[in-house]
Every structure is written in C-alpha cells, then in structure tokens.
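Okay, so here's the structure we're looking at.
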Amino acid sequence: MNPARGSLLGIEHLEAAEILRLLKFARRMNPDRPRPLLKGKRVLLLFYEASTRTRSSFEIAAKSLGAHTVLIQSAGSSIEKGESLLDTGYTVRAVGADIIVIRHPNAGAPYIMAQHVDVPIINAGDGLHEHPSQALLDAYTILRNKKTFKGLQVAIVGDIFHSRVARSACHLLSKFGVKIILCGPPELVPDIATTLAPGVRVTRHIEDALRGTDVVMLLRVQKERLSGLKIDLPEYIARYQMTAVRLKMAKKDAIVMHPGPIIRGLELTSEVADGAQARILEEVRNGVPTRMAILARAMGKMR
Amino acid sequence: MTSRSTSSLLIKGGHLIDPAARIDAPMDVLLKDGHVAEVAAPNKIKGADKTFDARGLIVAPGCIDLHVHLREPGQTHKETIATGTAAAAAGGFTSVCTMPNTIPVVDSVAWIEWLRQPERGAVVNVFTIAAATRASKGATLTDFRALYSAGAIAVTDDGKPILEDGIMREALVLGGELNFPVVQHAEDTRMTENCSMHAGARSFRLGLRGMTAAAEASIVERDVQLAMQIPNARLHVAHVSTAEALKSVRRGKRAKARVTFEVTPHHFTLTDEDMRDYDSNYKMNPPLRAVPDREAILAALADGTVDAIATDHAPHATHEKEMEFERAAFGITGLETALALAITRLHREKRIPLVRIVELFTAGPARCFDFRSRGSLVRGSVADVTVFDPKKKWTFAAAKSLSKSKNTPFDGWQLTGKVVATIVGGKIVYSA
C-alpha cells in the first residue's frame, strides 16, 4: 500500500516547492487565533520514545486546529504487553484515528506503518533517520531571521551520526542550495555523511565550520544512542563546545539554533544558550504553527 | 537386477552438462536401481521401463545446496523438513545441507538420527551440518568424532560465529584429523551489535547502524591464517559477501590451504542500494553489500575461484519480518530462485558459460563437503538429476512458493531458466 496522501514521512523525498508551500502556510497559523480546520478530527499521538517539545507542540497544534488528541505511550499501553507496531496501528485506526503522529526509536517505523494503515502518518522522529517536523520548524526559524536561503552557510556541530535532526536538516537545506558544514570528531561525524545530499561538507575544526557561517546548529551528544561507542567528553568540550569566544568566529549576525534538549556545559555554554544570538526558544515557539501546517496538510486543508 | 523392484528411467534427447566428467554434449542417461547405469550418445540406450523426454533441455547432476535452514527441530512455524525439501525439489536441488541453529541446537548424535527419520517427510536428501560447539555457545567443542560417525557432513556454529581464536584453532585441528570441514559464518559480532544492514552511504542515509566489511573480513582472514598453519585443516567459509574477505580466501587458496567457500544468489544479484522503504525482505546476514563487493563476487564466480553457490535459505513467518526493520529477523528464502537467478544474472547477463554455472551447483559443492558419488553423473553415481530449460522465461510468485515462508526480495521477478524435473535416487520428486 502507498502511504496515505498527506503523510509526512521524511524530508528526503519532499519537493522544494512543497516545502515552501508548507512554510508559507505555517506563517498564517497562529495558536492564539485558533482555526477549526480539523474540527472533529482525531489525532493519535503514538509515542514509543520520550519527548517533551515535539509531543506538546503537536498536541497544541492539533487542538489549535480544533482536533481531539489522544496520546499513547509505550508505558501503560498494550505496547508494553508486546503488541506489534502494526497491530497498534490497526487498533488506533479502528478506534477512529484520522491522523497518526508517530515517534519511534527504530528508523523507518513510520514507513512500515504507512504501508499498512490507511490514514496520514506523520513522522515525529524515527530512530537515527529523520525528524521532518523539526527540519521544517528550523527552516521556518531560519527564514524568519534570514529572509532567504540564498547564499546561506549553515554549520551543524556535534553528534551527526546519531541525529535524525541533522539528516532532515541536510536534506531540507540542500534542496535550497545552502552550504552545509558538518563538524565534529570522526566517530560522530563520519566522512560518509557528505553523501547525504549535495552541498554537504565535513570538517574536524570548529574554526573552519564557523568562518563565514550564518547559522550555527548545535546538537546534543546522544549518550543513550552511543551503543558501545566511547566518546571522550572533556576532549569533545575542548574542541567543539560552543563558547562566546568561538561564536565570534561566525558572522556577526549569525544565529545559534539547537533542537533541544540542551546540555549546558557540554555542547554549549550558558552564555551562548542565553545569549542574544540564541534562537533556541524561538524554535520551540515556531514548532506550533509549523506543526499546525503539517496537520492541516495531512487532512488536505492546506489552502 | 537387485532384489529391490525399482524400475529404470531413461532420460532421452537432452543435453548433458556434467562438469566433473567434462561432458557438455547431447547424451542419454539411464538410471537404474537408484544409480546411473549408463551414459551414452543419443539413441544408443534401449529398453528402459520409462522414458523422460528431455529434448531441448539441460540434464545435469542433481544440484547440491550447502547452506539451508530447514528450521527443524523447534521452529516449524517457519519451515519443516517436508516443506523445505519440497521447495528444494522445485528449485532443482536433490541434496541440501541443513544448519544446526535450531531449537534445540543440533549438537548431538540423537538429533542427527532424529533428522533422518522418515517421519520428517524429506523429499530430497538432507545432510546434517552439526554444531561445532555445545549449544553453539562457542565455549566447548562438540564430540566431532561421534557426530562424524553418525553421518554429519560438517560442523558449524552458523549465525553465532566462533570468535575465540583458541576454540577455532581446536576445531580446525580436530576437524583436520577427521577430514571434517569446519564451516564459519564469518562475522565479528563484537563489531555488529544492533546493526541491520551493510555500513555505507545507504545505511547512513536510512539511519540504520551498519555492519562493516571489516567485521566479515577480519574473521575470514584469521580463519584462513589458521587453516594455512594447521596441517589438514578444512575451512569452509559460508556466504562470502565482501571484496576484502575474498582477498583472504584467494590468498589461502594460492597457499594451497584447504579453504573452500560459497556465495549466495542474493549477494551476486543485489546490493545495499536495492532496499526500498525499509523492506525487511532485503534484510539478511551477511547483508547486501556495496557495488564493488558484488563486482568482486561476480569476478570470482567467473574466474573459477568460487567453489559453490549456496542459498542460505532462511525462512521466517510474516509476523517476524513485517515490522520495524531493525527488529525484523535476518534472512530470506532462496531455494526456488537460486538456479534461475544464476542463469539469468550470471549466464545471460554476465556471459558465464552454463557449464561453469552447473559446476557451482554440483561438482563444486560436492568437493567442498566430499559428497561421494554425487555431483556427477558418471556411471555408478547416485541417480540424482536436475533437468532444466535454460531459456524458459517465467515469473516467480512468492505466494506460490512451496516453502512455508514467503520472505523473499524476488517476488514478481521475471527470470530465465526453469527447473523441469528433479530426480532423487532415480525417482522424479518434482516435475513442472
């Protein structure tokens, strides 16, 4: 079965024009001025993995559009009793889900769901693979601050290998010709990362990544996903932590982004996190209108 | 005549390819009392009870598959000896070697005897590869001598490679004394934890942890080194999938070590780029590799380095495959598509001569595990014969597979080369 129309499984196969349409529509969305585009619809939030931002943001977005939301988490549901992904999918569909938003620790889980369950599936993060709504809200944030993608240079610093945010961001920014520099040690930023999309470059040196950069995206070292990999944290901090001094190497008007959760004192200092160039909380805010647009699109209401 | 009242069967009008006997010519073959009674130029043999019309067809020694998982004992929801051997017969295999990673593990004489009982319902010959260590835990060798006497054809801990140098050395020493091949699934599992496909650009893109080529190559290199040092040791490397591992095997062969190896149809047909939308029918171990690896395998098939094509037929129920890719079981079925894939990909596309293809399914595997009087149709051989049409086009439909499981990436593939009849011990066990 092909995924239901309106599904958002990843950025990789989304066309640039469709991304722009979504971002444009997102600008018209405002949670403080609710619009009943999804009145009476049921949005099932299926979360197999912990989440603060994404979950609350999708929930508020759905409610701002007039939809009902139901949250299902692995703990306290039949998932705990060993129900399979697909059986859970069939069940929530039978209960009456109109849209399923799924977060899952395994790459591709939303794809499997979309091949078998005939409602739009929204990927809210799948393993190391993609996090499309995050990439869209980051694009929204970049455009609010930089007006255009044209001529931009974006440095993504940190644990690229374990980051679905980085993969989705690379796909999205590459579609608009943005120069992307991935920076970190080889264990976290393998050379093969350059094959992800056109315009992606890898560097081991933070100065190299920051020079001439308009947007600095920082990522957390995902200790829970290291899977036996040993990372020397003091060494990482010494070479890659974003400090106020280092940030000066980027363009004067560079902005600092981070998908969260941030770990102060590790990938960035408090000075940077709370500084004038940080857009970290703006990203969180922008998540709601962006996800309103994603949900409206899922129901064919993006006009 | 013997006391058994077996009738004779004349395979008439076909083109015989018997690489071990260096025959590639029109020949008639007479089967009698379970053996090959006569091989002669067309129309020379008279007076058989029955005749099989093989005009336009290739007559070959029965195909031998060195690597199948028949799932008995213990996992009959995936496959049974009856269903697995029915699929083997449909694929032209007259002999299959079954792997011991069952529940429980086949590590004793009792289980070897159980596997041989007529109640299992085998329609082709089933040879047992027994576990190399107790319960395949990699700690203590099984009783090689007893397993060998009971009829095991080789030993392996397939799926759970022998990592300890000392244990592998011990296995090769003891195997060497008995002339018993030690089969290794070469994978350093310490390097492949949580991995579900080949490590490369594609696994990075899909967010799947990848198995490096080095995880295979390092074990193959170690094993080949051991085989070169230990007198009479016999090493058989299962499903070689990387260019790097091939280099080690080639080195061992050049040094005249007793090293043999097999490759699978999926590794010479597909690469890691072929998997779409997290389809777990593309998930197996070793995984589909990169294009240069496949090219190296194709070269080794063409130049005579590869000893055998084996399927690694690994049936799994739908509910064990239709799930998150990373959690889905490793393995695909392969018995019914192997010969056709070889004819389609190797012969028709890569121009490898048919005689070489037949060798890879018959004389080659027979040499690896010492199948006496099989793998050739010289007079006196066991009457195991595969008859196929090398030009017939057909479409493989997984739903119609005789295997209990349908986990294959080749569903709906148009293939060239179709098995017409499979004959085991002089009896037709499959005919199209």
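Going through the structure tokens in order, the chains are called A, B, and so on, while each chain numbers its residues from 1 and the ligands are numbered from 1 in the order shown.
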
Contact residues (chain A, partner chain B, 8 Å, only C-alpha atoms) as a PDB file with C-alpha atoms, in the first residue's frame:
```pdb
ATOM      1  CA  SER A  84       3.387  -5.233  17.457  1.00  0.00           C
ATOM      2  CA  LEU A  85       3.797  -1.871  15.772  1.00  0.00           C
ATOM      3  CA  LEU A  86       1.323  -2.785  13.039  1.00  0.00           C
ATOM      4  CA  ASN A 106      13.615   2.448  15.125  1.00  0.00           C
ATOM      5  CA  ALA A 107      14.431   4.040  11.786  1.00  0.00           C
ATOM      6  CA  GLY A 108      11.686   3.502   9.237  1.00  0.00           C
ATOM      7  CA  ALA A 109       8.909   2.611  11.679  1.00  0.00           C
ATOM      8  CA  TYR A 111       7.229   3.871   6.725  1.00  0.00           C
ATOM      9  CA  ILE A 112       6.104   0.416   7.842  1.00  0.00           C
ATOM     10  CA  GLY A 127      15.474   6.375  15.262  1.00  0.00           C
ATOM     11  CA  LEU A 128      18.539   7.891  13.655  1.00  0.00           C
ATOM     12  CA  HIS A 129      16.685   8.503  10.408  1.00  0.00           C
ATOM     13  CA  GLU A 130      14.576  11.651  10.078  1.00  0.00           C
ATOM     14  CA  PHE A 161      25.738  10.204  13.258  1.00  0.00           C
ATOM     15  CA  HIS A 162      23.030   9.670  15.864  1.00  0.00           C
ATOM     16  CA  ARG A 164      17.731  12.434  12.840  1.00  0.00           C
ATOM     17  CA  ARG A 167      19.742  14.198   8.486  1.00  0.00           C
ATOM     18  CA  ILE A 192      30.299   9.251   4.567  1.00  0.00           C
ATOM     19  CA  ALA A 193      27.935  11.977   5.814  1.00  0.00           C
ATOM     20  CA  THR A 195      26.971  11.582   0.585  1.00  0.00           C
ATOM     21  CA  LEU A 196      23.719  12.571   2.303  1.00  0.00           C
ATOM     22  CA  SER A 227      25.725   1.794  21.629  1.00  0.00           C
TER      23      SER A 227
END
```

Write down as a ChimeraX atom specification the residues belonging to range 35-238 of chain A that are assigned helix (DSSP H, G or I) by DSSP computed on the backbone. /A:36-38,53-64,85-95,109-116,132-146,164-175,191-195,206-210,223-225,233-238

Can you pull out the residues contacting Val237 in chain B? Cut-off 12 Å, using only C-alpha atoms, and skip same-chain residues under 2 positions away; I want them as a PDB file with C-alpha atoms, in the first residue's frame.
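Contents of the output file selection-v9.pdb:
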```pdb
ATOM      1  CA  LEU B  66      25.438 -26.435   1.159  1.00  0.00           C
ATOM      2  CA  HIS B  67      23.508 -23.959   3.270  1.00  0.00           C
ATOM      3  CA  ALA B 154      30.420 -30.756   8.529  1.00  0.00           C
ATOM      4  CA  VAL B 155      30.300 -28.666  11.685  1.00  0.00           C
ATOM      5  CA  THR B 156      29.415 -25.022  12.222  1.00  0.00           C
ATOM      6  CA  ASP B 157      28.038 -22.526  14.695  1.00  0.00           C
ATOM      7  CA  ASP B 158      26.291 -20.712  11.838  1.00  0.00           C
ATOM      8  CA  PRO B 161      30.491 -17.363  14.676  1.00  0.00           C
ATOM      9  CA  PRO B 181      35.078 -29.347   7.239  1.00  0.00           C
ATOM     10  CA  VAL B 182      34.553 -26.541   9.743  1.00  0.00           C
ATOM     11  CA  VAL B 183      32.056 -24.042   8.353  1.00  0.00           C
ATOM     12  CA  GLN B 184      32.314 -20.483   9.580  1.00  0.00           C
ATOM     13  CA  HIS B 185      29.725 -17.728   9.358  1.00  0.00           C
ATOM     14  CA  ALA B 186      32.354 -15.002   9.336  1.00  0.00           C
ATOM     15  CA  GLU B 187      31.220 -12.042  11.366  1.00  0.00           C
ATOM     16  CA  GLU B 216      33.475 -10.116   7.989  1.00  0.00           C
ATOM     17  CA  ALA B 217      36.981  -9.774   6.583  1.00  0.00           C
ATOM     18  CA  ILE B 219      37.297 -13.241  10.859  1.00  0.00           C
ATOM     19  CA  VAL B 220      37.894 -14.695   7.383  1.00  0.00           C
ATOM     20  CA  GLU B 221      41.498 -13.501   7.491  1.00  0.00           C
ATOM     21  CA  ARG B 222      42.044 -15.060  10.930  1.00  0.00           C
ATOM     22  CA  ASP B 223      40.443 -18.345   9.869  1.00  0.00           C
ATOM     23  CA  VAL B 224      42.418 -18.543   6.631  1.00  0.00           C
ATOM     24  CA  ALA B 227      43.893 -23.050   8.002  1.00  0.00           C
ATOM     25  CA  ARG B 234      39.492 -27.881   6.267  1.00  0.00           C
ATOM     26  CA  LEU B 235      37.847 -24.486   6.388  1.00  0.00           C
ATOM     27  CA  HIS B 239      28.299 -16.848   2.243  1.00  0.00           C
ATOM     28  CA  VAL B 240      31.321 -14.644   1.498  1.00  0.00           C
ATOM     29  CA  SER B 241      29.946 -11.181   0.777  1.00  0.00           C
ATOM     30  CA  ALA B 245      37.110 -11.315   2.581  1.00  0.00           C
ATOM     31  CA  LEU B 246      37.512 -12.648  -0.963  1.00  0.00           C
ATOM     32  CA  SER B 248      41.854 -13.558   2.165  1.00  0.00           C
ATOM     33  CA  VAL B 249      40.189 -16.616   0.661  1.00  0.00           C
ATOM     34  CA  ARG B 250      42.156 -16.211  -2.560  1.00  0.00           C
ATOM     35  CA  GLY B 252      44.539 -19.158   1.293  1.00  0.00           C
ATOM     36  CA  ARG B 258      42.194 -26.448   2.224  1.00  0.00           C
ATOM     37  CA  VAL B 259      39.895 -23.467   2.086  1.00  0.00           C
ATOM     38  CA  THR B 260      36.580 -23.551   0.238  1.00  0.00           C
ATOM     39  CA  PHE B 261      33.735 -21.054   0.176  1.00  0.00           C
ATOM     40  CA  GLU B 262      30.267 -20.360  -1.104  1.00  0.00           C
ATOM     41  CA  VAL B 263      28.438 -17.251  -2.296  1.00  0.00           C
ATOM     42  CA  THR B 264      24.687 -16.686  -2.377  1.00  0.00           C
ATOM     43  CA  VAL B 306      34.177 -19.572  -6.026  1.00  0.00           C
ATOM     44  CA  ASP B 307      33.589 -23.203  -5.067  1.00  0.00           C
ATOM     45  CA  ALA B 308      29.810 -23.220  -4.731  1.00  0.00           C
ATOM     46  CA  ILE B 309      26.598 -21.263  -4.915  1.00  0.00           C
ATOM     47  CA  ALA B 310      24.532 -21.834  -1.770  1.00  0.00           C
ATOM     48  CA  CYS B 368      33.539 -28.845  -0.517  1.00  0.00           C
ATOM     49  CA  PHE B 369      31.955 -31.482   1.708  1.00  0.00           C
TER      50      PHE B 369
END
```

Name the residues in contact with range 374-380 of chain B at a cut-off of 9 Å, using only C-alpha atoms, excluding same-chain residues fewer than 6 positions from it; report them as a ChimeraX atom specification. /B:18-21,29,35-39,60-64,359,361-367

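Contact shell of Leu346 in chain B at 10 Å (only C-alpha atoms; same-chain neighbours under 2 positions omitted): Pro265, Phe268, Thr269, Leu298, Leu301, Ala302, Ala340, Leu341, Ala342, Ile343, Thr344, Arg348, Glu349, Lys350, Arg351, Ile352, Pro353, Leu354, Arg356 and Ile357 of chain B.
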